[in-house]
Structure formats: structure tokens, C-alpha cells
Amino acid sequence: MKGLKTILFAGLATIILAACASDNPADTVEQYLQAKVAGDAETVQSLLCAEMENTLVREVNAFSSVSAEIKDMSCQPGTTAEQVMCSGQIVALYGTENMTFPLGNYRVVREDEGWKWCGETQ
């Protein structure tokens, strides 16, 4: 019985992670940025490309000590299949001062049957 529970849990985890992998690169970037601002480690990890796995802690903790939100986010495919261009901004409250971080261009790669966020581009 214990073995069956383990198999069922592993299967469910695989389905959940597969659901996070989007077939639309712009959706992947939007989901990734929302998870990063929320500090959602599980979602960030599921949408992070293998090349960037060593940055997981930094990405998850980027806004952990502040109140942050994304405003006016809109992402579209870029000039190449592996580029997504976003407009909008992240607004974070540091003490009594709002700091804004404009959204920009991001690199995505096809991995695990979906698109994964793989860093910023110029």
C-alpha cells in the first residue's frame, strides 16, 4: 500500500509540474514573474530553465523582504522564438519609498515539453 501511495504521489507531482510548463512563451514569462514577486518557490522552480537552476534561491528571495506587485504587465513573443518582450513594472515598497523595476526582454527555452524562463536579455 505504501508503494502505491508513493507512485500516485509521484504521478500527481509530474502532472502538476507539466501543467506549469506552458506552450506559450509569453505566458511562461508572465507566470514566472508573478511567482517571483510572490516568492512562490515551487512555481519559480518549475518554470526556471536548467541553466538557471543555481539562481533559484536568489530569484525566489528577490522581493521577500518587501511588499511588491506587478503593474500593467503585458508580454509578447519577441523577434526570435526564444525571446519574450514585456512592458509594465514591478513596484516594491522599501520602507516608505516605492521603487520601480521596469519589465524588459527575457530569454526562454524549450525544456520538459514546455517553455522555461532562462534570464533577461538586452
# chains A, B, ... in the order shown; residues from 1 in each chain; ligands from 1

call {"tool": "select_by_dssp", "arguments": {"residues": "chain A", "states": "helix (DSSP H, G or I)", "output": "NGL selection string"}}
result
:A and (2-20 or 25-38 or 41-47 or 50-61)

call {"tool": "select_by_dssp", "arguments": {"residues": "chain A", "states": "strand (DSSP E or B)", "output": "MDAnalysis selection string"}}
result
chainID A and resid 22 48 67:77 83:94 97:102 105:111 114:121

call {"tool": "residues_around", "arguments": {"residues": "range 72-86 of chain A", "least_positions_apart": "2", "cutoff": "6 Å", "atoms": "only C-alpha atoms", "output": "JSON, numbers by chain"}}
result
{"A": [26, 88, 103, 104, 105, 106, 107, 108, 109]}

call {"tool": "residues_around", "arguments": {"residues": "Leu93 in chain A", "least_positions_apart": "2", "cutoff": "8 Å", "atoms": "only C-alpha atoms", "output": "ChimeraX atom specification"}}
result
/A:66-68,91,95-99

call {"tool": "atom_distance", "arguments": {"atom1": "CA of Ala35 in chain A", "atom2": "CA of Trp115 in chain A"}}
result
15.3 Å

call {"tool": "closest_residue", "arguments": {"among": "A:Ile70, A:Thr100, A:Ser46, A:Cys118", "to": "Leu33 in chain A", "atoms": "only C-alpha atoms"}}
result
A:Ile70

call {"tool": "decode", "arguments": {"residues": "range 68-108 of chain A", "atoms": "C-alpha atoms", "output": "compact mmCIF listing (two decimals), in the first residue's frame"}}
result
# COMPACT_ATOMS: atom_id res chain seq x y z
CA ALA A 68 5.82 44.10 -4.22
CA GLU A 69 3.34 43.91 -7.06
CA ILE A 70 3.38 43.84 -10.84
CA LYS A 71 1.59 46.66 -12.62
CA ASP A 72 0.43 46.80 -16.24
CA MET A 73 2.27 43.64 -17.31
CA SER A 74 1.95 42.67 -20.94
CA CYS A 75 4.24 40.12 -22.59
CA GLN A 76 4.51 39.16 -26.26
CA PRO A 77 6.82 36.95 -28.30
CA GLY A 78 9.98 38.77 -29.36
CA THR A 79 11.93 38.86 -32.59
CA THR A 80 13.18 35.29 -32.08
CA ALA A 81 11.44 32.15 -30.85
CA GLU A 82 13.45 32.30 -27.62
CA GLN A 83 12.68 35.93 -26.72
CA VAL A 84 9.74 37.46 -24.88
CA MET A 85 9.29 41.22 -24.57
CA CYS A 86 7.35 42.58 -21.61
CA SER A 87 6.10 46.02 -20.65
CA GLY A 88 4.94 47.09 -17.23
CA GLN A 89 6.80 47.25 -13.97
CA ILE A 90 7.35 45.72 -10.59
CA VAL A 91 6.66 48.19 -7.79
CA ALA A 92 8.28 47.35 -4.47
CA LEU A 93 7.88 49.24 -1.20
CA TYR A 94 11.25 49.65 0.56
CA GLY A 95 10.48 51.27 3.90
CA THR A 96 8.42 54.27 2.87
CA GLU A 97 9.72 54.55 -0.69
CA ASN A 98 8.31 52.85 -3.79
CA MET A 99 10.96 51.57 -6.16
CA THR A 100 10.02 50.61 -9.71
CA PHE A 101 11.68 47.94 -11.80
CA PRO A 102 10.65 48.06 -15.45
CA LEU A 103 9.95 44.74 -17.11
CA GLY A 104 12.05 44.03 -20.15
CA ASN A 105 13.13 41.29 -22.51
CA TYR A 106 13.56 37.71 -21.37
CA ARG A 107 15.04 34.55 -22.82
CA VAL A 108 13.03 31.32 -22.83
